[in-house]
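Data block for start24.cif (mmCIF, C-alpha atoms):
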data_final
loop_
_atom_site.label_atom_id
_atom_site.label_comp_id
_atom_site.auth_asym_id
_atom_site.auth_seq_id
_atom_site.Cartn_x
_atom_site.Cartn_y
_atom_site.Cartn_z
CA MET D 5 1.73 19.08 -14.55
CA THR D 6 4.99 17.22 -13.97
CA ILE D 7 4.87 13.98 -11.99
CA TRP D 8 8.18 13.00 -10.41
CA ILE D 9 8.80 9.28 -9.95
CA LEU D 10 11.32 8.78 -7.14
CA GLY D 11 13.16 5.47 -7.40
CA ALA D 12 12.37 5.34 -11.10
CA THR D 13 14.96 2.69 -12.00
CA GLY D 14 13.27 -0.01 -9.89
CA ARG D 15 10.58 -2.30 -11.28
CA THR D 16 7.75 -0.46 -9.54
CA GLY D 17 9.02 2.98 -10.52
CA ARG D 18 9.45 1.97 -14.16
CA GLU D 19 5.97 0.53 -14.40
CA ILE D 20 4.38 3.56 -12.74
CA ALA D 21 6.19 5.92 -15.10
CA THR D 22 4.93 3.96 -18.10
CA ARG D 23 1.34 4.09 -16.88
CA VAL D 24 1.54 7.79 -15.98
CA ALA D 25 2.66 8.55 -19.54
CA ALA D 26 -0.13 6.36 -20.96
CA ARG D 27 -2.66 8.35 -18.93
CA GLY D 28 -1.42 11.65 -20.33
CA GLY D 29 0.82 12.63 -17.43
CA ALA D 30 4.35 14.01 -17.73
CA PRO D 31 6.65 11.65 -15.77
CA VAL D 32 10.11 12.73 -14.70
CA LEU D 33 12.41 9.89 -13.65
CA VAL D 34 14.28 10.85 -10.47
CA GLY D 35 17.22 9.08 -8.85
CA ARG D 36 20.90 9.20 -7.93
CA ASN D 37 22.49 7.12 -10.69
CA ALA D 38 22.64 9.10 -13.93
CA ASP D 39 23.55 6.16 -16.17
CA ARG D 40 20.75 3.94 -14.87
CA LEU D 41 18.23 6.77 -15.10
CA ARG D 42 19.12 7.57 -18.71
CA LYS D 43 19.02 3.91 -19.68
CA THR D 44 15.63 3.47 -18.02
CA ALA D 45 14.30 6.58 -19.77
CA ALA D 46 15.56 5.32 -23.12
CA ASP D 47 14.02 1.89 -22.54
CA LEU D 48 10.67 3.49 -21.73
CA GLY D 49 10.80 6.06 -24.53
CA LEU D 50 10.84 8.96 -22.06
CA ASP D 51 13.01 12.07 -22.05
CA ASP D 52 12.95 13.76 -18.66
CA VAL D 53 15.33 12.64 -15.90
CA LEU D 54 16.63 14.33 -12.79
CA VAL D 55 19.75 13.20 -10.94
CA THR D 56 19.95 14.35 -7.33
CA ASP D 57 21.04 13.35 -3.83
CA ASP D 58 18.85 16.04 -2.25
CA LEU D 59 15.25 15.09 -2.94
CA PRO D 60 13.51 17.49 -0.51
CA GLY D 61 15.71 20.37 -1.68
CA GLU D 62 15.07 19.75 -5.38
CA ILE D 63 11.34 19.33 -4.79
CA ALA D 64 11.17 22.62 -2.89
CA ARG D 65 13.13 24.43 -5.62
CA ARG D 66 11.56 22.97 -8.77
CA ARG D 67 7.96 22.56 -7.55
CA PRO D 68 6.70 19.43 -9.36
CA THR D 69 2.93 19.02 -9.41
CA VAL D 70 3.02 15.52 -7.92
CA VAL D 71 5.77 13.45 -6.30
CA VAL D 72 5.46 9.65 -6.28
CA ASN D 73 7.72 8.00 -3.69
CA THR D 74 8.71 4.40 -4.54
CA ILE D 75 12.08 4.41 -2.77
CA GLY D 76 10.76 2.68 0.35
CA GLY D 77 11.82 3.25 3.93
CA TYR D 78 8.67 5.33 4.26
CA ALA D 79 8.98 5.76 8.01
CA ASP D 80 12.09 7.84 7.24
CA THR D 81 11.41 9.24 3.75
CA ALA D 82 7.69 10.05 3.58
CA VAL D 83 7.40 13.04 5.92
CA PRO D 84 10.39 15.12 4.71
CA ILE D 85 9.55 14.48 1.05
CA ALA D 86 5.85 15.25 1.52
CA ARG D 87 6.58 18.43 3.44
CA ALA D 88 8.88 19.56 0.63
CA CYS D 89 5.82 19.48 -1.66
CA LEU D 90 4.15 22.23 0.39
CA PRO D 91 2.52 24.49 -0.52
CA GLY D 92 0.32 23.27 -3.35
CA GLY D 93 2.25 20.19 -4.47
CA HIS D 94 0.93 16.67 -4.01
CA TYR D 95 2.49 13.45 -2.74
CA VAL D 96 1.81 9.70 -3.19
CA ASP D 97 3.51 6.65 -1.67
CA LEU D 98 3.10 2.88 -1.37
CA ALA D 99 3.55 2.55 2.40
CA ASN D 100 1.68 -0.33 4.01
CA ASP D 101 2.70 -0.35 7.64
CA LEU D 102 1.50 1.07 10.93
CA VAL D 103 4.56 3.25 11.46
CA ALA D 104 4.90 5.22 8.22
CA MET D 105 1.21 5.59 7.36
CA PRO D 106 0.15 7.28 10.64
CA GLN D 107 3.13 9.64 10.35
CA LEU D 108 2.02 10.80 6.90
CA LEU D 109 -1.66 11.02 7.90
CA ALA D 110 -0.64 13.20 10.87
CA LEU D 111 0.29 15.92 8.33
CA HIS D 112 -3.38 16.35 7.42
CA ASP D 113 -3.80 19.85 8.88
CA GLU D 114 -0.55 21.06 7.29
CA ALA D 115 -1.66 19.75 3.91
CA VAL D 116 -5.11 21.34 4.21
CA ALA D 117 -3.61 24.71 5.11
CA ALA D 118 -1.19 24.52 2.16
CA GLY D 119 -3.68 23.24 -0.43
CA SER D 120 -1.82 19.95 -0.94
CA THR D 121 -3.04 16.36 -1.10
CA PHE D 122 -0.96 13.58 0.45
CA VAL D 123 -1.92 9.96 -0.29
CA THR D 124 -0.33 7.06 1.53
CA GLY D 125 -0.85 3.34 0.97
CA ALA D 126 -1.71 3.64 -2.73
CA GLY D 127 -0.98 -0.03 -3.46
CA PHE D 128 -3.06 -3.20 -3.74
CA GLY D 129 -3.65 -4.13 -0.11
CA VAL D 130 -4.82 -0.79 1.29
CA LEU D 131 -6.88 0.29 -1.72
CA ALA D 132 -8.38 -3.15 -2.33
CA VAL D 133 -9.76 -3.60 1.18
CA GLU D 134 -10.71 -0.01 2.00
CA SER D 135 -12.60 0.36 -1.28
CA VAL D 136 -14.70 -2.71 -0.44
CA VAL D 137 -15.35 -1.35 3.06
CA ALA D 138 -16.35 2.04 1.65
CA HIS D 139 -18.56 0.30 -0.92
CA LEU D 140 -20.37 -1.69 1.78
CA CYS D 141 -20.71 1.22 4.21
CA ALA D 142 -22.01 3.78 1.70
CA ASP D 143 -25.20 5.48 2.93
CA ARG D 144 -25.25 3.34 6.08
CA PRO D 145 -24.59 4.14 9.75
CA THR D 146 -21.24 3.41 11.36
CA PRO D 147 -20.77 -0.37 11.72
CA SER D 148 -19.77 -2.09 14.93
CA GLN D 149 -17.29 -4.58 13.45
CA VAL D 150 -15.19 -4.91 10.30
CA ARG D 151 -12.97 -7.72 9.08
CA VAL D 152 -10.75 -7.28 6.03
CA ASP D 153 -8.52 -9.72 4.18
CA ALA D 154 -5.93 -8.79 1.53
CA LEU D 155 -5.26 -11.79 -0.71
CA PRO D 156 -2.73 -10.82 -3.38
CA SER D 157 -1.56 -13.03 -6.23
CA VAL D 158 1.73 -11.81 -7.69
CA ALA D 159 4.10 -12.99 -10.38
CA ILE D 160 7.66 -12.78 -9.04
CA GLU D 161 10.51 -11.54 -11.20
CA GLY D 162 13.93 -13.06 -10.76
CA GLY D 163 16.56 -11.11 -8.85
CA PRO D 164 17.26 -9.87 -5.33
CA LEU D 165 14.40 -9.16 -2.96
CA GLY D 166 15.57 -5.57 -2.48
CA GLU D 167 16.01 -3.39 0.58
CA ALA D 168 12.63 -1.63 0.39
CA LEU D 169 10.66 -4.89 0.56
CA ALA D 170 13.03 -6.38 3.14
CA ARG D 171 12.57 -3.37 5.43
CA SER D 172 8.80 -3.60 5.02
CA ILE D 173 8.77 -7.29 6.02
CA VAL D 174 11.00 -6.72 9.03
CA SER D 175 8.91 -3.71 10.09
CA GLY D 176 5.79 -5.87 10.12
CA LEU D 177 7.46 -8.53 12.24
CA THR D 178 8.77 -6.04 14.79
CA THR D 179 5.42 -4.25 15.08
CA GLY D 180 3.71 -7.44 16.23
CA GLY D 181 0.02 -8.29 15.96
CA LEU D 182 -2.51 -5.48 16.27
CA VAL D 183 -6.29 -5.09 16.08
CA PHE D 184 -8.73 -2.27 16.82
CA GLU D 185 -10.80 -2.75 19.97
CA ASP D 186 -13.08 0.02 21.25
CA GLY D 187 -11.57 2.29 18.61
CA ARG D 188 -8.00 1.84 19.84
CA LEU D 189 -5.07 -0.17 18.54
CA THR D 190 -4.61 -3.18 20.81
CA LYS D 191 -1.90 -5.82 20.88
CA ALA D 192 -2.75 -9.24 19.44
CA ARG D 193 -0.76 -12.32 18.59
CA LEU D 194 1.10 -12.02 15.29
CA ALA D 195 -0.35 -14.28 12.58
CA ALA D 196 -3.40 -15.08 14.70
CA ASP D 197 -6.82 -15.88 13.26
CA ALA D 198 -5.49 -17.97 10.38
CA ARG D 199 -8.17 -19.12 7.97
CA GLU D 200 -8.78 -20.50 4.52
CA HIS D 201 -11.04 -18.48 2.21
CA ALA D 202 -13.39 -19.91 -0.38
CA LEU D 203 -12.96 -17.38 -3.18
CA PRO D 204 -15.76 -16.31 -5.52
CA ASP D 205 -13.99 -17.94 -8.50
CA GLY D 206 -13.94 -21.34 -6.84
CA GLN D 207 -10.31 -21.26 -5.72
CA THR D 208 -9.03 -20.95 -2.15
CA ALA D 209 -6.51 -18.76 -0.35
CA LYS D 210 -5.10 -18.68 3.18
CA SER D 211 -4.39 -15.65 5.37
CA ALA D 212 -3.46 -14.74 8.92
CA GLY D 213 -3.47 -11.64 11.08
CA ALA D 214 -0.94 -8.98 10.09
CA PRO D 215 -0.14 -5.45 11.38
CA THR D 216 -0.44 -3.83 7.96
CA GLY D 217 -1.89 -0.62 6.62
CA GLU D 218 -5.08 -2.43 5.64
CA LEU D 219 -6.07 -2.48 9.31
CA LEU D 220 -5.77 1.29 9.66
CA ALA D 221 -7.41 1.98 6.30
CA ALA D 222 -10.41 -0.21 7.15
CA GLN D 223 -10.92 1.58 10.46
CA LEU D 224 -10.66 5.03 8.89
CA SER D 225 -13.03 4.12 6.04
CA SER D 226 -15.67 2.63 8.34
CA GLY D 227 -15.27 4.31 11.72
CA ALA D 228 -15.92 0.89 13.28
CA PRO D 229 -14.58 0.47 16.84
CA SER D 230 -13.66 -3.19 16.21
CA VAL D 231 -11.49 -4.04 13.18
CA VAL D 232 -9.43 -7.12 12.33
CA SER D 233 -7.15 -7.48 9.31
CA THR D 234 -5.41 -10.48 7.76
CA SER D 235 -3.00 -10.86 4.86
CA GLY D 236 -2.37 -13.63 2.39
CA LEU D 237 1.34 -12.82 2.68
CA MET D 238 1.50 -14.00 6.30
CA PRO D 239 2.51 -17.62 6.94
CA THR D 240 -0.30 -19.88 8.11
CA ALA D 241 1.63 -23.07 8.98
CA PRO D 242 1.13 -23.72 12.73
CA ILE D 243 4.83 -24.13 13.57
CA VAL D 244 5.77 -20.88 11.83
CA ARG D 245 2.98 -18.99 13.54
CA VAL D 246 4.26 -20.24 16.90
CA VAL D 247 7.78 -18.89 16.40
CA LEU D 248 6.91 -15.58 14.69
CA PRO D 249 6.40 -13.58 17.91
CA ALA D 250 9.86 -14.65 19.14
CA VAL D 251 11.40 -13.70 15.79
CA GLY D 252 9.70 -10.31 15.96
CA ALA D 253 11.03 -9.69 19.46
CA LEU D 254 14.56 -10.59 18.34
CA LEU D 255 14.34 -8.23 15.36
CA LYS D 256 13.64 -5.31 17.68
CA ILE D 257 17.36 -5.33 18.55
CA PRO D 258 18.79 -2.68 16.15
CA ALA D 259 21.90 -4.64 15.15
CA VAL D 260 19.87 -7.79 14.50
CA ARG D 261 17.30 -5.81 12.51
CA ARG D 262 19.96 -4.21 10.29
CA PHE D 263 21.61 -7.58 9.69
CA ALA D 264 18.27 -9.19 8.82
CA VAL D 265 17.40 -6.46 6.34
CA ARG D 266 20.76 -6.76 4.59
CA ARG D 267 20.56 -10.53 4.33
CA MET D 268 16.93 -10.56 3.26
CA ALA D 269 17.47 -7.84 0.64
CA ALA D 270 20.18 -9.95 -1.01
CA ILE D 271 18.02 -13.08 -1.33
CA GLU D 272 17.82 -14.08 -4.99
CA GLY D 273 14.33 -15.05 -6.05
CA LYS D 274 13.49 -17.20 -9.04
CA PRO D 275 10.90 -16.09 -11.60
CA THR D 276 7.57 -17.52 -10.46
CA PRO D 277 4.12 -17.16 -12.03
CA ARG D 278 1.33 -15.87 -9.84
CA PRO D 279 -0.29 -18.66 -7.85
CA ARG D 280 -3.88 -17.73 -8.71
CA GLU D 281 -5.57 -15.96 -11.58
CA HIS D 282 -7.01 -13.27 -9.35
CA SER D 283 -6.05 -11.14 -6.36
CA TRP D 284 -8.83 -10.35 -3.90
CA GLY D 285 -9.73 -7.65 -1.43
CA HIS D 286 -12.36 -8.92 1.02
CA ALA D 287 -14.44 -7.31 3.75
CA VAL D 288 -17.17 -8.43 6.15
CA VAL D 289 -18.99 -5.55 7.83
CA THR D 290 -21.41 -5.96 10.75
CA TRP D 291 -23.79 -3.42 12.27
CA ALA D 292 -25.18 -3.21 15.79
CA ASP D 293 -28.54 -4.64 14.71
CA GLY D 294 -26.85 -7.81 13.47
CA THR D 295 -26.93 -6.93 9.77
CA THR D 296 -23.83 -8.24 8.01
CA LEU D 297 -22.59 -7.52 4.50
CA GLU D 298 -19.75 -9.22 2.67
CA GLY D 299 -17.98 -7.85 -0.39
CA TRP D 300 -15.06 -8.58 -2.70
CA LEU D 301 -12.82 -6.68 -5.07
CA ARG D 302 -11.39 -8.86 -7.84
CA ALA D 303 -8.15 -7.85 -9.56
CA GLY D 304 -5.46 -9.56 -11.60
CA ASP D 305 -1.80 -9.50 -10.62
CA ALA D 306 -1.53 -7.47 -7.41
CA MET D 307 1.60 -5.66 -8.57
CA GLU D 308 -0.05 -4.63 -11.83
CA PHE D 309 -3.02 -3.34 -9.84
CA THR D 310 -0.63 -1.44 -7.56
CA VAL D 311 1.22 0.40 -10.32
CA SER D 312 -2.06 1.23 -12.07
CA ALA D 313 -3.51 2.56 -8.81
CA VAL D 314 -0.48 4.75 -8.12
CA ALA D 315 -0.42 6.10 -11.69
CA GLU D 316 -4.15 6.81 -11.63
CA THR D 317 -3.83 8.56 -8.28
CA ALA D 318 -0.91 10.70 -9.45
CA VAL D 319 -2.60 11.77 -12.68
CA ARG D 320 -5.85 12.63 -10.90
CA LEU D 321 -3.97 14.73 -8.36
CA ALA D 322 -2.10 16.47 -11.17
CA ARG D 323 -5.48 17.36 -12.68
CA GLY D 324 -6.59 18.91 -9.40
CA GLU D 325 -9.12 16.22 -8.50
CA GLY D 326 -7.94 15.61 -4.94
CA GLN D 327 -9.13 17.37 -1.82
CA ALA D 328 -6.52 19.01 0.39
CA GLY D 329 -5.32 16.90 3.31
CA ALA D 330 -3.64 13.56 4.02
CA TYR D 331 -5.54 10.38 3.22
CA THR D 332 -5.50 6.76 2.21
CA PRO D 333 -6.32 6.42 -1.52
CA ALA D 334 -10.06 5.65 -1.49
CA ARG D 335 -10.67 8.38 1.09
CA ALA D 336 -8.84 10.85 -1.13
CA LEU D 337 -10.40 9.95 -4.48
CA GLY D 338 -13.31 7.60 -3.81
CA ALA D 339 -13.81 3.84 -3.87
CA GLU D 340 -14.16 3.85 -7.65
CA LEU D 341 -10.41 4.48 -7.83
CA ALA D 342 -10.06 0.71 -7.35
CA GLU D 343 -12.14 0.13 -10.51
CA ALA D 344 -10.04 2.61 -12.47
CA ALA D 345 -6.96 0.62 -11.40
CA GLY D 346 -8.43 -2.60 -12.84
CA GLY D 347 -10.53 -3.97 -10.00
CA THR D 348 -14.12 -5.20 -10.12
CA PHE D 349 -16.56 -5.11 -7.20
CA LEU D 350 -18.59 -8.26 -6.75
CA THR D 351 -22.18 -8.06 -5.56
CA SER D 352 -22.32 -8.01 -1.79
CA THR D 353 -24.05 -10.94 -0.11
CA TRP D 354 -26.22 -10.86 2.99
CA GLU D 355 -25.29 -13.25 5.78
#

Kindly return the structure encoded in the file as structure tokens.
Amino acid sequence: MTIWILGATGRTGREIATRVAARGGAPVLVGRNADRLRKTAADLGLDDVLVTDDLPGEIARRRPTVVVNTIGGYADTAVPIARACLPGGHYVDLANDLVAMPQLLALHDEAVAAGSTFVTGAGFGVLAVESVVAHLCADRPTPSQVRVDALPSVAIEGGPLGEALARSIVSGLTTGGLVFEDGRLTKARLAADAREHALPDGQTAKSAGAPTGELLAAQLSSGAPSVVSTSGLMPTAPIVRVVLPAVGALLKIPAVRRFAVRRMAAIEGKPTPRPREHSWGHAVVTWADGTTLEGWLRAGDAMEFTVSAVAETAVRLARGEGQAGAYTPARALGAELAEAAGGTFLTSTWE
């Protein structure tokens, strides 16, 4: 039951490998740089490494049980790597955008026919909000409206931002604002609907509208025709929100986009503690009769939740617990996956 960790020398890959091993899985560190891979394996007390420039080819030849993709650029990497897992192998990634996630989910019928499970969006934002939505909607009819808010709190390590994160940020800006209206994705102003949340622990957090995977996950988990999603990672200052649409339009020019990714990836961040004790996934669900339920998922550091969620997903798939097809994490393995990753559901409140 080997679990390949692609991009294993990065922070996320290292942490996932550690947690996979702690859960009884057999992680194999996969990458292109032999020296860095061997050093990472030695640092983690692991033995198995694989050096390759041909990930789909090696996956098809060696047939790992599960492949975890942390290398980023999911709009380009997810589909060929996931298809290489067919038949019978499983795939997990951390995509959180409205380009890569729909592409992976579109492989559902192929995965069903081949007996494979593909999971996309296995990180904090998607799992945190969709698990709350699923929790609120359990044993109830399809709601009419859903609002979700992903409010991460993350400790930042020092060092460069990195290309994977830079590409994700730029992708969000170029996508522009989106909401679901009448069951269809509809354009909205980027960073609209800014608000300040009174959190259950007495603290506050701000968020604004963002075209992230949480929006898609909330709609799939609820079936609601009207869905709005905000993120605590979006700027809420009025002047910034005014200029963001223009910045997004400029970044659609390929040369400008490539330049922005390179410059952003090289930005050196300083070590910073997480701004709040808890990260929060939040959902407000409304039904046609006016009934409204609100729920929260409380977690610690959002990155720690993410790596635990990915490791838990990978180990469960390796044990044969997933159903064949392509899904977001809670739809693949149930809302309690968020609890297994370290989250706690708070009692829903009637409004």

Check what the PyMOL selection byres ((chain D and resi 69-75) around 7) selects in the file above and give those residues as a VMD selection string.
-> chain D and resid 5 to 11 17 67 to 68 76 to 77 93 to 98 168 318 322

Tell me which residues the PyMOL selection byres ((chain D and resi 335) around 10) grabs here, as JSON, numbers by chain.
-> {"D": [123, 131, 134, 135, 138, 221, 224, 225, 326, 327, 330, 331, 332, 333, 334, 336, 337, 338, 339, 341]}

Any idea what the distance is between CA of Ala132 (chain D) and CA of Leu301 (chain D)?
->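 According to the coordinates, CA of Ala132 (chain D) and CA of Leu301 (chain D) are separated by 6.3 Å.
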
Selection result of the PyMOL selection byres ((chain D and resi 57) around 8) on this file, as a PyMOL selection string = chain D and resi 35-36+55-56+58-59

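Using all atoms listed in the file, the shortest contact distance between Leu237 (chain D) and any of D:Pro156, D:Glu200, D:Trp284, D:Leu321 is found at D:Pro156.
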
How many Å lie between CA of Ala26 (chain D) and CA of Asp52 (chain D), rounded to one decimal?
->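 Straight-line distance from CA of Ala26 (chain D) to CA of Asp52 (chain D) works out to 15.2 Å.
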
Place all heavy atoms on region 257-268 of chain D and deliver the coordinates as a PDB file, keeping the file's coordinate frame.
ATOM      1  N   ILE D 257      15.984  -5.723  18.232  1.00  0.00           N
ATOM      2  CA  ILE D 257      17.360  -5.330  18.550  1.00  0.00           C
ATOM      3  C   ILE D 257      17.953  -4.662  17.303  1.00  0.00           C
ATOM      4  O   ILE D 257      18.004  -5.289  16.239  1.00  0.00           O
ATOM      5  CB  ILE D 257      18.194  -6.543  18.965  1.00  0.00           C
ATOM      6  CG1 ILE D 257      17.559  -7.239  20.167  1.00  0.00           C
ATOM      7  CG2 ILE D 257      19.634  -6.145  19.249  1.00  0.00           C
ATOM      8  CD1 ILE D 257      18.208  -8.560  20.518  1.00  0.00           C
ATOM      9  N   PRO D 258      18.366  -3.403  17.353  1.00  0.00           N
ATOM     10  CA  PRO D 258      18.790  -2.680  16.150  1.00  0.00           C
ATOM     11  C   PRO D 258      19.824  -3.406  15.299  1.00  0.00           C
ATOM     12  O   PRO D 258      19.694  -3.467  14.069  1.00  0.00           O
ATOM     13  CB  PRO D 258      19.338  -1.360  16.710  1.00  0.00           C
ATOM     14  CG  PRO D 258      18.586  -1.167  17.988  1.00  0.00           C
ATOM     15  CD  PRO D 258      18.393  -2.538  18.553  1.00  0.00           C
ATOM     16  N   ALA D 259      20.852  -3.964  15.924  1.00  0.00           N
ATOM     17  CA  ALA D 259      21.900  -4.640  15.150  1.00  0.00           C
ATOM     18  C   ALA D 259      21.345  -5.866  14.427  1.00  0.00           C
ATOM     19  O   ALA D 259      21.685  -6.135  13.271  1.00  0.00           O
ATOM     20  CB  ALA D 259      23.061  -5.029  16.055  1.00  0.00           C
ATOM     21  N   VAL D 260      20.482  -6.600  15.110  1.00  0.00           N
ATOM     22  CA  VAL D 260      19.870  -7.790  14.500  1.00  0.00           C
ATOM     23  C   VAL D 260      18.962  -7.367  13.352  1.00  0.00           C
ATOM     24  O   VAL D 260      18.936  -7.998  12.284  1.00  0.00           O
ATOM     25  CB  VAL D 260      19.084  -8.589  15.547  1.00  0.00           C
ATOM     26  CG1 VAL D 260      18.342  -9.755  14.890  1.00  0.00           C
ATOM     27  CG2 VAL D 260      20.016  -9.094  16.638  1.00  0.00           C
ATOM     28  N   ARG D 261      18.205  -6.299  13.551  1.00  0.00           N
ATOM     29  CA  ARG D 261      17.300  -5.810  12.510  1.00  0.00           C
ATOM     30  C   ARG D 261      18.068  -5.390  11.264  1.00  0.00           C
ATOM     31  O   ARG D 261      17.697  -5.734  10.137  1.00  0.00           O
ATOM     32  CB  ARG D 261      16.463  -4.653  13.041  1.00  0.00           C
ATOM     33  CG  ARG D 261      15.423  -4.160  12.046  1.00  0.00           C
ATOM     34  CD  ARG D 261      14.405  -3.242  12.706  1.00  0.00           C
ATOM     35  NE  ARG D 261      15.016  -2.052  13.277  1.00  0.00           N
ATOM     36  CZ  ARG D 261      15.089  -1.807  14.583  1.00  0.00           C
ATOM     37  NH1 ARG D 261      14.608  -2.668  15.460  1.00  0.00           N
ATOM     38  NH2 ARG D 261      15.642  -0.704  15.031  1.00  0.00           N
ATOM     39  N   ARG D 262      19.158  -4.647  11.443  1.00  0.00           N
ATOM     40  CA  ARG D 262      19.960  -4.210  10.290  1.00  0.00           C
ATOM     41  C   ARG D 262      20.542  -5.401   9.544  1.00  0.00           C
ATOM     42  O   ARG D 262      20.560  -5.446   8.304  1.00  0.00           O
ATOM     43  CB  ARG D 262      21.074  -3.257  10.741  1.00  0.00           C
ATOM     44  CG  ARG D 262      20.554  -1.895  11.214  1.00  0.00           C
ATOM     45  CD  ARG D 262      21.705  -0.927  11.380  1.00  0.00           C
ATOM     46  NE  ARG D 262      22.631  -1.341  12.432  1.00  0.00           N
ATOM     47  CZ  ARG D 262      22.527  -0.978  13.691  1.00  0.00           C
ATOM     48  NH1 ARG D 262      21.524  -0.202  14.087  1.00  0.00           N
ATOM     49  NH2 ARG D 262      23.409  -1.370  14.600  1.00  0.00           N
ATOM     50  N   PHE D 263      21.049  -6.373  10.300  1.00  0.00           N
ATOM     51  CA  PHE D 263      21.610  -7.580   9.690  1.00  0.00           C
ATOM     52  C   PHE D 263      20.536  -8.336   8.903  1.00  0.00           C
ATOM     53  O   PHE D 263      20.776  -8.779   7.775  1.00  0.00           O
ATOM     54  CB  PHE D 263      22.200  -8.478  10.778  1.00  0.00           C
ATOM     55  CG  PHE D 263      22.689  -9.811  10.276  1.00  0.00           C
ATOM     56  CD1 PHE D 263      23.911  -9.909   9.618  1.00  0.00           C
ATOM     57  CD2 PHE D 263      21.925 -10.960  10.441  1.00  0.00           C
ATOM     58  CE1 PHE D 263      24.367 -11.143   9.153  1.00  0.00           C
ATOM     59  CE2 PHE D 263      22.371 -12.182   9.985  1.00  0.00           C
ATOM     60  CZ  PHE D 263      23.590 -12.280   9.328  1.00  0.00           C
ATOM     61  N   ALA D 264      19.348  -8.461   9.487  1.00  0.00           N
ATOM     62  CA  ALA D 264      18.270  -9.190   8.820  1.00  0.00           C
ATOM     63  C   ALA D 264      17.853  -8.512   7.536  1.00  0.00           C
ATOM     64  O   ALA D 264      17.600  -9.170   6.518  1.00  0.00           O
ATOM     65  CB  ALA D 264      17.078  -9.331   9.768  1.00  0.00           C
ATOM     66  N   VAL D 265      17.783  -7.195   7.550  1.00  0.00           N
ATOM     67  CA  VAL D 265      17.400  -6.460   6.340  1.00  0.00           C
ATOM     68  C   VAL D 265      18.429  -6.663   5.237  1.00  0.00           C
ATOM     69  O   VAL D 265      18.079  -6.907   4.077  1.00  0.00           O
ATOM     70  CB  VAL D 265      17.223  -4.954   6.650  1.00  0.00           C
ATOM     71  CG1 VAL D 265      17.102  -4.144   5.354  1.00  0.00           C
ATOM     72  CG2 VAL D 265      15.993  -4.737   7.525  1.00  0.00           C
ATOM     73  N   ARG D 266      19.713  -6.574   5.597  1.00  0.00           N
ATOM     74  CA  ARG D 266      20.760  -6.760   4.590  1.00  0.00           C
ATOM     75  C   ARG D 266      20.706  -8.149   3.980  1.00  0.00           C
ATOM     76  O   ARG D 266      20.788  -8.315   2.752  1.00  0.00           O
ATOM     77  CB  ARG D 266      22.147  -6.512   5.204  1.00  0.00           C
ATOM     78  CG  ARG D 266      22.459  -5.067   5.517  1.00  0.00           C
ATOM     79  CD  ARG D 266      23.951  -4.868   5.747  1.00  0.00           C
ATOM     80  NE  ARG D 266      24.469  -5.740   6.800  1.00  0.00           N
ATOM     81  CZ  ARG D 266      24.507  -5.411   8.085  1.00  0.00           C
ATOM     82  NH1 ARG D 266      24.042  -4.230   8.481  1.00  0.00           N
ATOM     83  NH2 ARG D 266      25.019  -6.240   8.986  1.00  0.00           N
ATOM     84  N   ARG D 267      20.584  -9.158   4.824  1.00  0.00           N
ATOM     85  CA  ARG D 267      20.560 -10.530   4.330  1.00  0.00           C
ATOM     86  C   ARG D 267      19.307 -10.809   3.502  1.00  0.00           C
ATOM     87  O   ARG D 267      19.352 -11.449   2.445  1.00  0.00           O
ATOM     88  CB  ARG D 267      20.652 -11.516   5.496  1.00  0.00           C
ATOM     89  CG  ARG D 267      22.008 -11.511   6.205  1.00  0.00           C
ATOM     90  CD  ARG D 267      23.133 -11.974   5.270  1.00  0.00           C
ATOM     91  NE  ARG D 267      22.921 -13.338   4.790  1.00  0.00           N
ATOM     92  CZ  ARG D 267      23.372 -14.420   5.414  1.00  0.00           C
ATOM     93  NH1 ARG D 267      24.061 -14.299   6.545  1.00  0.00           N
ATOM     94  NH2 ARG D 267      23.159 -15.613   4.903  1.00  0.00           N
ATOM     95  N   MET D 268      18.185 -10.321   3.967  1.00  0.00           N
ATOM     96  CA  MET D 268      16.930 -10.560   3.260  1.00  0.00           C
ATOM     97  C   MET D 268      16.929  -9.838   1.915  1.00  0.00           C
ATOM     98  O   MET D 268      16.456 -10.370   0.901  1.00  0.00           O
ATOM     99  CB  MET D 268      15.759 -10.082   4.125  1.00  0.00           C
ATOM    100  CG  MET D 268      14.398 -10.595   3.657  1.00  0.00           C
ATOM    101  SD  MET D 268      13.076 -10.073   4.771  1.00  0.00           S
ATOM    102  CE  MET D 268      13.572 -10.913   6.274  1.00  0.00           C
TER     103      MET D 268
END
